[in-house]
$ cat entry.csv   # CSV, C-alpha atoms and all ligand atoms
chain,number,residue,atom,x,y,z
A,567,MET,CA,126.1,53.5,77.2
A,568,GLU,CA,128.6,54.2,74.6
A,569,TYR,CA,129.7,51.6,72.0
A,570,ARG,CA,133.1,51.0,70.3
A,571,LYS,CA,134.1,48.8,67.4
A,572,LEU,CA,135.6,45.5,68.5
A,573,GLY,CA,138.5,45.7,66.1
A,574,LYS,CA,138.0,44.1,62.7
A,575,THR,CA,135.1,42.0,63.9
A,576,GLY,CA,132.9,45.0,63.2
A,577,LEU,CA,130.9,44.2,66.4
A,578,GLU,CA,129.7,47.2,68.3
A,579,ILE,CA,130.6,46.5,71.9
A,580,SER,CA,129.5,48.4,75.0
A,581,GLU,CA,132.6,50.2,76.2
A,582,ILE,CA,131.8,49.1,79.8
A,583,SER,CA,131.0,45.4,80.0
A,584,ILE,CA,131.1,43.0,83.0
A,585,GLY,CA,133.0,39.9,84.1
A,586,THR,CA,131.0,37.2,85.9
A,587,GLU,CA,133.8,35.7,88.0
A,588,TYR,CA,132.4,37.0,91.3
A,589,LEU,CA,128.8,36.4,90.4
A,590,GLU,CA,129.4,32.7,90.7
A,591,LYS,CA,129.6,33.1,94.4
A,592,ILE,CA,126.3,35.0,94.9
A,593,LYS,CA,122.7,33.8,95.2
A,594,ARG,CA,121.4,32.6,91.9
A,595,GLU,CA,118.4,35.1,91.9
A,596,ASP,CA,120.8,38.0,92.6
A,597,LEU,CA,122.9,36.8,89.7
A,598,GLY,CA,120.0,37.1,87.4
A,599,GLU,CA,119.2,40.6,88.7
A,600,VAL,CA,122.7,41.8,88.1
A,601,ILE,CA,122.9,40.5,84.5
A,602,GLN,CA,119.4,41.8,83.6
A,603,LYS,CA,120.2,45.2,84.9
A,604,ALA,CA,123.5,45.2,83.0
A,605,ILE,CA,121.7,44.4,79.8
A,606,ALA,CA,118.9,46.9,80.5
A,607,ASN,CA,121.6,49.5,80.8
A,608,GLY,CA,123.1,48.7,77.4
A,609,ILE,CA,125.9,46.3,78.4
A,610,ASN,CA,126.1,43.8,75.6
A,611,PHE,CA,129.2,41.8,76.6
A,612,ILE,CA,129.1,39.6,79.7
A,613,ASP,CA,132.3,37.7,80.0
A,614,ILE,CA,131.3,34.2,80.9
A,615,LEU,CA,134.4,32.5,82.3
A,616,TYR,CA,133.2,29.6,84.3
A,617,ASN,CA,131.7,26.5,82.7
A,618,PHE,CA,129.8,25.1,85.7
A,619,ASP,CA,126.5,23.7,84.4
A,620,ASN,CA,124.4,25.2,87.2
A,621,PHE,CA,126.0,28.6,86.9
A,622,LEU,CA,125.6,28.6,83.1
A,623,GLU,CA,121.9,27.6,83.5
A,624,GLN,CA,121.3,30.7,85.6
A,625,ILE,CA,123.1,32.9,83.2
A,626,SER,CA,121.1,31.4,80.3
A,627,LYS,CA,117.9,32.2,82.1
A,628,ALA,CA,119.1,35.7,82.8
A,629,ILE,CA,119.9,36.4,79.1
A,630,GLN,CA,116.7,34.7,77.8
A,631,GLY,CA,115.2,36.9,75.1
A,632,SER,CA,118.4,38.9,74.8
A,633,ARG,CA,120.6,36.5,72.7
A,634,ASP,CA,120.5,38.8,69.7
A,635,LYS,CA,121.4,41.8,71.8
A,636,ILE,CA,124.5,40.4,73.4
A,637,ILE,CA,128.0,39.2,72.3
A,638,LEU,CA,128.1,35.7,73.7
A,639,ASN,CA,131.5,34.2,74.5
A,640,HIS,CA,132.9,30.9,75.6
A,641,HIS,CA,136.3,30.1,77.1
A,642,LEU,CA,137.7,27.0,75.6
A,643,GLY,CA,139.7,25.4,78.4
A,644,SER,CA,137.8,26.7,81.4
A,645,SER,CA,136.7,23.6,83.1
A,646,GLU,CA,135.5,22.2,86.5
A,647,LEU,CA,137.1,19.9,88.9
A,648,ASP,CA,135.4,18.9,92.2
A,649,GLY,CA,133.0,21.9,91.9
A,650,LYS,CA,135.9,24.3,91.4
A,651,TYR,CA,137.3,26.2,88.4
A,652,ASN,CA,140.1,24.3,86.7
A,653,LYS,CA,142.0,25.1,83.5
A,654,ASP,CA,142.0,22.0,81.4
A,655,ARG,CA,143.7,21.6,78.0
A,656,SER,CA,142.3,18.2,77.2
A,657,MET,CA,140.8,18.6,73.7
A,658,LYS,CA,138.1,16.0,74.6
A,659,LYS,CA,136.9,18.0,77.6
A,660,ILE,CA,137.1,21.3,75.6
A,661,LYS,CA,134.9,19.9,72.8
A,662,GLU,CA,132.5,18.4,75.3
A,663,HIS,CA,132.2,21.7,77.3
A,664,PHE,CA,131.7,23.7,74.1
A,665,GLU,CA,128.8,21.5,72.9
A,666,LYS,CA,127.3,21.5,76.4
A,667,TYR,CA,127.6,25.3,76.5
A,668,LEU,CA,125.7,25.8,73.3
A,669,GLU,CA,123.0,23.5,74.6
A,670,ILE,CA,122.6,25.3,77.9
A,671,MET,CA,122.7,28.7,76.3
A,672,ASN,CA,120.1,27.5,73.8
A,673,THR,CA,122.0,28.7,70.8
A,674,ASP,CA,123.8,27.4,67.7
A,675,TYR,CA,126.9,29.6,68.0
A,676,VAL,CA,128.9,31.9,70.2
A,677,ASP,CA,130.2,35.3,69.0
A,678,ILE,CA,133.7,34.8,70.4
A,679,ALA,CA,135.4,31.5,71.3
A,680,PHE,CA,138.3,32.4,73.5
A,681,ILE,CA,141.4,30.3,73.8
A,682,HIS,CA,141.4,30.5,77.5
A,683,PHE,CA,144.0,32.0,79.8
A,684,VAL,CA,147.4,31.5,78.3
A,685,HIS,CA,149.9,32.3,81.1
A,686,THR,CA,153.3,31.0,80.0
A,687,GLU,CA,155.3,30.1,76.9
A,688,ASP,CA,154.7,26.4,77.5
A,689,GLU,CA,150.9,27.0,77.6
A,690,PHE,CA,151.1,29.0,74.4
A,691,ASP,CA,153.0,26.1,72.7
A,692,GLU,CA,150.4,23.6,74.0
A,693,CYS,CA,147.5,25.7,72.7
A,694,TRP,CA,149.2,26.4,69.3
A,695,LYS,CA,150.4,22.9,68.6
A,696,GLU,CA,148.8,21.0,65.7
A,697,GLY,CA,145.4,19.8,66.7
A,698,GLY,CA,145.5,22.0,69.8
A,699,VAL,CA,142.9,24.5,71.1
A,700,LYS,CA,143.8,27.2,68.5
A,701,ASP,CA,143.1,24.8,65.7
A,702,PHE,CA,139.8,23.8,67.3
A,703,ALA,CA,138.8,27.5,67.7
A,704,LEU,CA,139.6,28.2,64.0
A,705,GLN,CA,137.6,25.1,63.1
A,706,LEU,CA,134.6,26.4,65.0
A,707,LYS,CA,134.9,29.7,63.2
A,708,LYS,CA,135.0,27.9,59.8
A,709,GLU,CA,131.9,25.9,60.8
A,710,GLY,CA,130.0,29.0,61.9
A,711,LYS,CA,129.8,27.8,65.5
A,712,ALA,CA,132.0,30.7,66.6
A,713,ARG,CA,131.9,34.0,64.7
A,714,PHE,CA,135.3,35.1,66.0
A,715,VAL,CA,138.3,33.7,67.8
A,716,GLY,CA,139.7,35.3,70.9
A,717,LEU,CA,142.5,34.8,73.3
A,718,SER,CA,142.6,35.5,77.0
A,719,ILE,CA,146.2,36.0,78.0
A,720,HIS,CA,148.4,37.4,80.7
A,721,ARG,CA,151.6,38.1,78.8
A,722,MET,CA,152.2,41.2,76.7
A,723,ASP,CA,155.0,39.6,74.6
A,724,LEU,CA,152.9,36.6,73.7
A,725,ALA,CA,149.9,38.9,73.0
A,726,ILE,CA,152.1,40.8,70.5
A,727,LYS,CA,153.1,37.6,68.8
A,728,VAL,CA,149.5,36.4,68.5
A,729,ALA,CA,148.3,39.8,67.3
A,730,GLU,CA,150.9,39.7,64.5
A,731,SER,CA,150.0,36.1,63.6
A,732,GLY,CA,146.5,36.9,62.5
A,733,ASP,CA,145.1,33.8,64.3
A,734,VAL,CA,142.7,35.7,66.5
A,735,ASP,CA,140.3,38.6,66.2
A,736,VAL,CA,140.1,39.6,69.9
A,737,ILE,CA,142.6,39.7,72.8
A,738,MET,CA,141.5,39.9,76.4
A,739,ILE,CA,144.4,41.1,78.7
A,740,GLN,CA,145.0,42.9,81.9
A,741,ILE,CA,145.2,46.7,81.5
A,742,ASN,CA,145.3,48.8,84.6
A,743,LEU,CA,147.2,51.5,86.4
A,744,ALA,CA,149.5,48.9,88.0
A,745,ASN,CA,150.9,47.9,84.6
A,746,HIS,CA,150.9,51.5,83.2
A,747,ALA,CA,154.7,51.3,82.9
A,748,HIS,CA,154.9,47.8,81.5
A,749,PRO,CA,157.6,48.1,78.9
A,750,GLN,CA,155.6,46.3,76.2
A,751,ARG,CA,152.1,47.5,76.9
A,752,GLN,CA,152.0,50.4,74.4
A,753,GLU,CA,153.6,48.2,71.8
A,754,MET,CA,151.0,45.5,72.5
A,755,LEU,CA,148.1,47.9,72.3
A,756,ALA,CA,149.4,49.6,69.1
A,757,THR,CA,150.1,46.2,67.5
A,758,CYS,CA,146.5,45.1,68.2
A,759,GLU,CA,145.2,48.4,66.8
A,760,LYS,CA,147.4,48.1,63.7
A,761,HIS,CA,146.1,44.5,63.0
A,762,GLY,CA,142.5,45.3,63.8
A,763,ILE,CA,142.5,43.1,66.9
A,764,GLY,CA,139.8,44.1,69.4
A,765,VAL,CA,141.2,44.6,72.9
A,766,ILE,CA,139.1,43.7,75.9
A,767,ALA,CA,140.7,45.1,79.1
A,768,MET,CA,140.4,42.9,82.1
A,769,LYS,CA,141.4,43.4,85.7
A,770,PRO,CA,140.7,47.2,85.6
A,771,PHE,CA,141.0,47.5,89.4
A,772,ALA,CA,143.9,45.0,89.6
A,773,GLY,CA,141.8,42.5,91.4
A,774,GLY,CA,140.3,45.3,93.6
A,775,LYS,CA,143.8,46.3,94.9
A,776,LEU,CA,143.5,49.8,93.3
A,777,LEU,CA,140.4,50.4,95.3
A,778,GLN,CA,142.0,49.9,98.7
A,779,PRO,CA,143.0,53.4,99.7
A,780,ASN,CA,145.6,54.1,102.4
A,781,LYS,CA,146.7,50.5,102.3
A,782,SER,CA,150.0,49.1,101.1
A,783,VAL,CA,149.2,46.6,98.4
A,784,SER,CA,151.3,44.2,96.4
A,785,PHE,CA,150.5,43.2,92.9
A,786,PRO,CA,151.1,39.6,91.8
A,787,ASP,CA,152.1,38.9,88.2
A,788,TYR,CA,148.6,37.8,87.1
A,789,LEU,CA,147.2,41.3,87.9
A,790,THR,CA,149.9,43.3,86.2
A,791,ALA,CA,150.7,41.1,83.1
A,792,PHE,CA,154.1,40.2,84.6
A,793,HIS,CA,155.1,43.8,85.3
A,794,GLU,CA,157.1,43.9,88.5
A,795,MET,CA,155.5,46.4,90.8
A,796,PRO,CA,156.8,47.3,94.2
A,797,GLU,CA,154.3,47.4,97.1
A,798,LYS,CA,152.4,50.6,96.8
A,799,LYS,CA,150.3,52.7,99.1
A,800,ILE,CA,147.2,53.7,97.2
A,801,SER,CA,145.8,57.2,97.5
A,802,GLU,CA,142.7,57.9,99.5
A,803,GLY,CA,139.4,58.1,97.7
A,804,VAL,CA,140.1,56.1,94.6
A,805,LYS,CA,137.0,55.7,92.5
A,806,ALA,CA,136.2,52.8,90.2
A,807,THR,CA,135.1,55.4,87.6
A,808,GLN,CA,138.7,56.9,87.6
A,809,CYS,CA,140.2,53.5,86.8
A,810,LEU,CA,137.7,53.0,84.0
A,811,HIS,CA,138.3,56.4,82.5
A,812,TYR,CA,142.0,55.8,82.6
A,813,ILE,CA,141.7,52.5,80.7
A,814,LEU,CA,139.1,53.9,78.2
A,815,ASN,CA,141.6,56.6,77.3
A,816,GLN,CA,144.4,54.2,76.3
A,817,ILE,CA,145.2,53.2,72.8
A,818,GLY,CA,142.9,50.7,71.0
A,819,ILE,CA,140.7,49.7,74.0
A,820,SER,CA,137.3,48.4,72.9
A,821,THR,CA,135.8,47.5,76.2
A,822,ILE,CA,136.5,46.8,79.9
A,823,VAL,CA,135.3,43.9,81.9
A,824,PRO,CA,135.2,44.9,85.6
A,825,GLY,CA,134.2,41.9,87.6
A,826,VAL,CA,131.1,42.9,89.6
A,827,ALA,CA,129.9,41.0,92.6
A,828,ASN,CA,126.5,42.7,93.1
A,829,ILE,CA,124.1,45.4,92.0
A,830,ASP,CA,126.0,48.1,93.9
A,831,GLU,CA,129.2,47.4,92.1
A,832,LEU,CA,127.4,47.3,88.8
A,833,GLU,CA,125.8,50.7,89.5
A,834,ASP,CA,129.2,52.0,90.5
A,835,CYS,CA,130.6,51.2,87.1
A,836,LEU,CA,127.5,52.5,85.3
A,837,SER,CA,127.9,55.8,87.2
A,838,TYR,CA,130.8,56.4,84.8
A,839,TYR,CA,128.3,58.2,82.6
A,840,THR,CA,126.8,60.5,85.2
A,841,VAL,CA,129.6,61.4,87.7
A,842,SER,CA,131.4,64.7,87.7
A,843,ASP,CA,134.6,65.2,85.8
A,844,GLU,CA,136.4,65.1,89.1
A,845,LYS,CA,135.4,61.5,89.7
A,846,LEU,CA,136.8,60.6,86.3
A,847,ASP,CA,140.1,62.4,86.7
A,848,TYR,CA,142.8,59.8,87.2
A,849,THR,CA,145.7,62.1,87.6
A,850,ASN,CA,146.0,61.7,91.3
A,851,LEU,CA,146.1,57.9,90.9
A,852,LEU,CA,149.0,58.1,88.4
A,853,LYS,CA,150.9,60.0,91.0
A,854,ASP,CA,151.2,56.8,92.9
A,855,PHE,CA,153.2,55.6,89.8
A,856,GLU,CA,154.8,59.0,89.2
A,857,GLU,CA,158.3,57.7,88.7
A,858,TYR,CA,157.1,56.2,85.4
A,859,VAL,CA,155.0,58.9,83.9
A,860,THR,CA,156.9,62.2,84.1
A,861,GLY,CA,157.2,63.6,80.6
A,862,GLU,CA,154.9,61.0,79.1
A,863,CYS,CA,151.4,61.9,77.9
A,864,VAL,CA,148.7,59.8,79.7
A,865,TYR,CA,145.9,61.3,77.7
A,866,CYS,CA,144.2,62.9,80.8
A,867,ASN,CA,143.1,66.2,79.1
A,868,HIS,CA,144.3,68.3,82.0
A,869,CYS,CA,146.0,70.6,79.5
A,870,GLN,CA,142.7,71.8,78.1
A,871,PRO,CA,141.4,74.3,77.0
A,872,CYS,CA,143.7,75.0,74.1
A,873,PRO,CA,143.0,78.4,72.4
A,874,GLU,CA,143.4,76.7,69.0
A,875,ASP,CA,140.9,73.9,70.0
A,876,ILE,CA,143.6,71.3,69.5
A,877,ASP,CA,142.6,68.0,71.0
A,878,ILE,CA,146.1,67.5,72.5
A,879,ALA,CA,145.4,64.1,74.1
A,880,SER,CA,144.0,62.6,70.9
A,881,ILE,CA,146.8,63.9,68.8
A,882,PHE,CA,149.4,62.4,71.2
A,883,ARG,CA,147.5,59.1,71.4
A,884,LEU,CA,147.7,58.9,67.6
A,885,TYR,CA,151.3,60.0,67.6
A,886,ASP,CA,152.3,57.4,70.2
A,887,GLN,CA,150.5,54.7,68.2
A,888,ALA,CA,152.2,55.8,65.0
A,889,GLN,CA,155.6,55.5,66.7
A,890,ILE,CA,155.0,51.8,67.0
A,891,GLY,CA,153.4,51.3,63.6
A,892,GLN,CA,152.0,54.0,61.3
A,893,THR,CA,148.9,52.9,59.4
A,894,ASP,CA,146.5,54.4,56.9
A,895,LYS,CA,143.8,54.3,59.6
A,896,ILE,CA,145.9,56.4,62.0
A,897,GLN,CA,146.7,58.9,59.3
A,898,GLU,CA,143.1,59.1,58.2
A,899,THR,CA,142.0,59.7,61.8
A,900,TYR,CA,144.5,62.5,62.1
A,901,THR,CA,143.6,64.0,58.7
A,902,THR,CA,139.9,64.3,59.7
A,903,MET,CA,140.7,66.2,62.9
A,904,CYS,CA,139.6,69.8,62.9
A,905,ALA,CA,142.6,71.3,64.5
A,906,LYS,CA,146.0,70.0,63.6
A,907,ALA,CA,149.4,69.9,65.5
A,908,SER,CA,150.6,72.7,63.2
A,909,ASP,CA,147.9,75.0,64.5
A,910,CYS,CA,149.8,75.2,67.7
A,911,ILE,CA,150.7,78.8,68.4
A,912,GLU,CA,153.1,77.8,71.2
A,913,CYS,CA,151.2,79.8,73.9
A,914,GLY,CA,152.4,77.3,76.5
A,915,ASP,CA,149.2,77.3,78.5
A,916,CYS,CA,148.9,73.5,78.2
A,917,GLU,CA,152.4,72.9,79.5
A,918,GLU,CA,151.6,75.0,82.6
A,919,ARG,CA,148.6,72.8,83.2
A,920,CYS,CA,150.0,69.4,82.4
A,921,PRO,CA,150.7,67.5,85.7
A,922,PHE,CA,153.2,65.2,84.0
A,923,ASP,CA,155.6,67.8,82.5
A,924,VAL,CA,154.9,66.8,79.0
A,925,GLU,CA,156.7,69.1,76.5
A,926,VAL,CA,153.6,69.7,74.5
A,927,ILE,CA,155.0,72.3,72.1
A,928,GLU,CA,158.0,70.1,71.1
A,929,LYS,CA,155.8,67.0,70.8
A,930,MET,CA,153.3,69.0,68.6
A,931,LYS,CA,156.1,69.9,66.2
A,932,GLU,CA,157.0,66.2,66.0
A,933,ALA,CA,153.4,65.2,65.4
A,934,ALA,CA,153.1,67.9,62.7
A,935,THR,CA,156.2,66.5,61.0
A,936,LEU,CA,154.9,63.0,61.1
A,937,PHE,CA,151.3,63.6,60.0
A,938,GLU,CA,151.4,66.7,57.8
A,1001,LIG,S1,149.8,66.7,77.7
A,1001,LIG,FE1,149.7,66.4,79.9
A,1001,LIG,S2,147.7,67.2,80.5
A,1001,LIG,FE2,147.7,66.9,78.3
A,1001,LIG,S3,146.7,64.9,78.0
A,1001,LIG,FE3,148.9,64.6,78.0
A,1001,LIG,S4,149.5,64.2,80.1
A,1001,LIG,FE4,147.4,65.0,80.1
A,1002,LIG,S1,150.9,75.5,73.3
A,1002,LIG,FE1,149.8,74.9,71.5
A,1002,LIG,S2,148.8,73.0,72.0
A,1002,LIG,FE2,149.3,74.0,73.9
A,1002,LIG,S3,147.5,75.3,74.5
A,1002,LIG,FE3,148.9,76.6,73.3
A,1002,LIG,S4,148.2,76.4,71.2
A,1002,LIG,FE4,147.3,74.7,72.3
$ encode --input "entry.csv" --output "structure tokens" --more "lines below"
Ligand code: SF4
Ligand code: SF4
Amino acid sequence: MEYRKLGKTGLEISEISIGTEYLEKIKREDLGEVIQKAIANGINFIDILYNFDNFLEQISKAIQGSRDKIILNHHLGSSELDGKYNKDRSMKKIKEHFEKYLEIMNTDYVDIAFIHFVHTEDEFDECWKEGGVKDFALQLKKEGKARFVGLSIHRMDLAIKVAESGDVDVIMIQINLANHAHPQRQEMLATCEKHGIGVIAMKPFAGGKLLQPNKSVSFPDYLTAFHEMPEKKISEGVKATQCLHYILNQIGISTIVPGVANIDELEDCLSYYTVSDEKLDYTNLLKDFEEYVTGECVYCNHCQPCPEDIDIASIFRLYDQAQIGQTDKIQETYTTMCAKASDCIECGDCEERCPFDVEVIEKMKEAATLFE
């Protein structure tokens, strides 16, 4: 397992984590097996979304003895109604659920208290009003009952607003191929990076729709962060590892939370570290979204090797980030790179290899002007 910084929290988070949404539906003993295997393989963030007592008790058992190894979270506002998940903004319920959660998890604090699932402007206003859930989350942080405050959200524009507000430390949001061309996604990711907000990418497979080859699939708003996506026929042979690699190559991502339903799906995600480069290469998937990506670097590394050892994808990632907001950190990262944009000898090899027609030589000149 590889680890990344979760923004300014300083936490080291496994770059592949898991969501537990689908584990709620499986046998309780199997749930324990999946979680224990995840932890044994170095996963240290297990997104616990549902606040059903019985479900939490099973998770609590599964993580017994591992509390200090994992980043424990809680979703403020995730509730239960008639045995089913229900989003509830009642502060009374939120406070009760939180205390109960600590009790079941046998701990005094959570690492991240998430303001749960903000979907619309109205919900944002409700959560941010005086005495609302945002104030409660900040109070928990002050009292040491939550080390950090997070927000799980479906809207890029609101995520940008919150990242700029400084109210939260972590944002969990949908990042996947289906919202690759979302007009505000790069801005959102770069804004989070600029303000040290850790980004947790959810819905990496767009609710499994990206893993349905040869099928025409539609993408509802909650899977694409409100990016309108026409029905698409997905290429044959899509691998989960390709989707993960694509996301981990985007700006500012700290971790991904694929929702796994069983051991096989967990192993599939963990195979990220052992599969061949071919099974990581996401170029063929982006071709399904080709109309959006021509001329734009998607950090896929197909242009390598460069005779001057220039890490083209990394330089362009920094350049794209800096276009939205240059920071000392971006500049420092660039300055410490061994080969710079100005080392480009304009051989053109990379342009011949790039599947997305990126004008690498021109872009290198722009990067050199910006950074050197
Ligand atoms: S320049 Fe082209 S091949 Fe190279 S990383 Fe960017 S998109 Fe991929
Ligand atoms: S054109 Fe520049 S960046 Fe591209 S392969 Fe040649 S030296 Fe490297």
$ closest_residue --input "entry.csv" --among "A:Ala879, A:Gly891, A:Lys603, A:Phe937" --to "ligand LIG 1001 (chain A)" --atoms "all atoms listed in the file"
A:Ala879
$ residues_near_ligand --input "entry.csv" --ligand "ligand LIG 1002 (chain A)" --cutoff "7 Å" --atoms "all atoms listed in the file" --output "JSON, numbers by chain"
{"A": [870, 871, 872, 873, 874, 875, 876, 878, 909, 910, 911, 912, 913, 914, 915, 916, 917, 926, 927, 930]}
$ atom_distance --input "entry.csv" --atom1 "CA of Glu938 (chain A)" --atom2 "CA of Val924 (chain A)"
21.5 Å
$ closest_atom_pairs --input "entry.csv" --of "chain A" --to "ligand LIG 1001 (chain A)" --cutoff "8 Å" --atoms "all atoms listed in the file" --output "CSV"
residue,atom,partner,partner_atom,distance
A:Gly861,CA,A:LIG1001,S4,7.7
A:Glu862,CA,A:LIG1001,S4,6.4
A:Cys863,CA,A:LIG1001,FE3,3.7
A:Val864,CA,A:LIG1001,S4,4.5
A:Tyr865,CA,A:LIG1001,S3,3.7
A:Cys866,CA,A:LIG1001,FE4,3.9
A:Asn867,CA,A:LIG1001,S3,4.0
A:His868,CA,A:LIG1001,S2,3.9
A:Cys869,CA,A:LIG1001,S2,3.9
A:Gln870,CA,A:LIG1001,FE2,7.0
A:Ile878,CA,A:LIG1001,FE2,6.0
A:Ala879,CA,A:LIG1001,S3,4.2
A:Ser880,CA,A:LIG1001,S3,7.9
A:Phe882,CA,A:LIG1001,FE3,7.2
A:Cys916,CA,A:LIG1001,FE2,6.7
A:Glu917,CA,A:LIG1001,S1,7.0
A:Arg919,CA,A:LIG1001,S2,6.3
A:Cys920,CA,A:LIG1001,S2,3.7
A:Pro921,CA,A:LIG1001,FE1,6.0
A:Phe922,CA,A:LIG1001,S4,5.5
A:Asp923,CA,A:LIG1001,FE1,6.6
A:Val924,CA,A:LIG1001,S1,5.3
A:Glu925,CA,A:LIG1001,S1,7.4
A:Val926,CA,A:LIG1001,S1,5.8
$ write_last_selection --input "entry.csv" --atoms "C-alpha atoms" --output "mmCIF file, keeping the file's coordinate frame"
data_model
loop_
_atom_site.group_PDB
_atom_site.id
_atom_site.type_symbol
_atom_site.label_atom_id
_atom_site.label_comp_id
_atom_site.auth_asym_id
_atom_site.auth_seq_id
_atom_site.Cartn_x
_atom_site.Cartn_y
_atom_site.Cartn_z
ATOM 1 C CA GLY A 861 157.200 63.600 80.600
ATOM 2 C CA GLU A 862 154.900 61.000 79.100
ATOM 3 C CA CYS A 863 151.400 61.900 77.900
ATOM 4 C CA VAL A 864 148.700 59.800 79.700
ATOM 5 C CA TYR A 865 145.900 61.300 77.700
ATOM 6 C CA CYS A 866 144.200 62.900 80.800
ATOM 7 C CA ASN A 867 143.100 66.200 79.100
ATOM 8 C CA HIS A 868 144.300 68.300 82.000
ATOM 9 C CA CYS A 869 146.000 70.600 79.500
ATOM 10 C CA GLN A 870 142.700 71.800 78.100
ATOM 11 C CA ILE A 878 146.100 67.500 72.500
ATOM 12 C CA ALA A 879 145.400 64.100 74.100
ATOM 13 C CA SER A 880 144.000 62.600 70.900
ATOM 14 C CA PHE A 882 149.400 62.400 71.200
ATOM 15 C CA CYS A 916 148.900 73.500 78.200
ATOM 16 C CA GLU A 917 152.400 72.900 79.500
ATOM 17 C CA ARG A 919 148.600 72.800 83.200
ATOM 18 C CA CYS A 920 150.000 69.400 82.400
ATOM 19 C CA PRO A 921 150.700 67.500 85.700
ATOM 20 C CA PHE A 922 153.200 65.200 84.000
ATOM 21 C CA ASP A 923 155.600 67.800 82.500
ATOM 22 C CA VAL A 924 154.900 66.800 79.000
ATOM 23 C CA GLU A 925 156.700 69.100 76.500
ATOM 24 C CA VAL A 926 153.600 69.700 74.500
#
$ closest_residue --input "entry.csv" --among "A:Gln808, A:Asn639, A:Asn828, A:Ser632" --to "Leu852 (chain A)" --atoms "all atoms listed in the file"
A:Gln808
$ atom_distance --input "entry.csv" --atom1 "CA of Ser784 (chain A)" --atom2 "CA of Ser820 (chain A)"
27.7 Å
$ closest_residue --input "entry.csv" --among "A:Glu797, A:Asp677, A:Asp701, A:Asp688" --to "Ile579 (chain A)" --atoms "only C-alpha atoms"
A:Asp677
$ atom_distance --input "entry.csv" --atom1 "CA of Lys658 (chain A)" --atom2 "CA of Cys693 (chain A)"
13.6 Å
$ closest_residue --input "entry.csv" --among "A:Glu599, A:Ala606, A:Gly818, A:Leu622" --to "Lys895 (chain A)" --atoms "only C-alpha atoms"
A:Gly818
$ residues_around --input "entry.csv" --residues "Leu647 (chain A)" --least-positions-apart "5" --cutoff "12 Å" --atoms "all atoms listed in the file" --output "JSON list (two decimals) with C-alpha atoms, in the frame of the given file"
[["chain", "number", "residue", "atom", "x", "y", "z"],
["A", 616, "TYR", "CA", 133.20, 29.60, 84.30],
["A", 617, "ASN", "CA", 131.70, 26.50, 82.70],
["A", 618, "PHE", "CA", 129.80, 25.10, 85.70],
["A", 652, "ASN", "CA", 140.10, 24.30, 86.70],
["A", 653, "LYS", "CA", 142.00, 25.10, 83.50],
["A", 654, "ASP", "CA", 142.00, 22.00, 81.40],
["A", 659, "LYS", "CA", 136.90, 18.00, 77.60]]
$ residues_around --input "entry.csv" --residues "Gly608 (chain A)" --least-positions-apart "4" --cutoff "8 Å" --atoms "all atoms listed in the file" --output "VMD selection string"
chain A and resid 567 580 604
$ residues_around --input "entry.csv" --residues "Phe664 (chain A)" --least-positions-apart "2" --cutoff "12 Å" --atoms "all atoms listed in the file" --output "PyMOL selection string"
chain A and resi 616-619+622+639-645+657-662+666-671+673-676+678-681+699+702-703+706+711-712
$ residues_around --input "entry.csv" --residues "Thr757 (chain A)" --least-positions-apart "3" --cutoff "7 Å" --atoms "only C-alpha atoms" --output "NGL selection string"
:A and (726 or 729 or 753-754 or 760-761)
$ residues_around --input "entry.csv" --residues "Gln750 (chain A)" --least-positions-apart "3" --cutoff "12 Å" --atoms "only C-alpha atoms" --output "PDB file with C-alpha atoms, in the coordinates of the input"
ATOM      1  CA  ARG A 721     151.600  38.100  78.800  1.00  0.00           C
ATOM      2  CA  MET A 722     152.200  41.200  76.700  1.00  0.00           C
ATOM      3  CA  ASP A 723     155.000  39.600  74.600  1.00  0.00           C
ATOM      4  CA  LEU A 724     152.900  36.600  73.700  1.00  0.00           C
ATOM      5  CA  ALA A 725     149.900  38.900  73.000  1.00  0.00           C
ATOM      6  CA  ILE A 726     152.100  40.800  70.500  1.00  0.00           C
ATOM      7  CA  LYS A 727     153.100  37.600  68.800  1.00  0.00           C
ATOM      8  CA  ILE A 741     145.200  46.700  81.500  1.00  0.00           C
ATOM      9  CA  ASN A 745     150.900  47.900  84.600  1.00  0.00           C
ATOM     10  CA  HIS A 746     150.900  51.500  83.200  1.00  0.00           C
ATOM     11  CA  ALA A 747     154.700  51.300  82.900  1.00  0.00           C
ATOM     12  CA  GLU A 753     153.600  48.200  71.800  1.00  0.00           C
ATOM     13  CA  MET A 754     151.000  45.500  72.500  1.00  0.00           C
ATOM     14  CA  LEU A 755     148.100  47.900  72.300  1.00  0.00           C
ATOM     15  CA  ALA A 756     149.400  49.600  69.100  1.00  0.00           C
ATOM     16  CA  THR A 757     150.100  46.200  67.500  1.00  0.00           C
ATOM     17  CA  THR A 790     149.900  43.300  86.200  1.00  0.00           C
ATOM     18  CA  ALA A 791     150.700  41.100  83.100  1.00  0.00           C
ATOM     19  CA  PHE A 792     154.100  40.200  84.600  1.00  0.00           C
ATOM     20  CA  HIS A 793     155.100  43.800  85.300  1.00  0.00           C
ATOM     21  CA  ILE A 890     155.000  51.800  67.000  1.00  0.00           C
TER      22      ILE A 890
END
$ closest_residue --input "entry.csv" --among "A:Val826, A:Asp834, A:Glu918, A:Pro779" --to "Ala806 (chain A)" --atoms "all atoms listed in the file"
A:Asp834
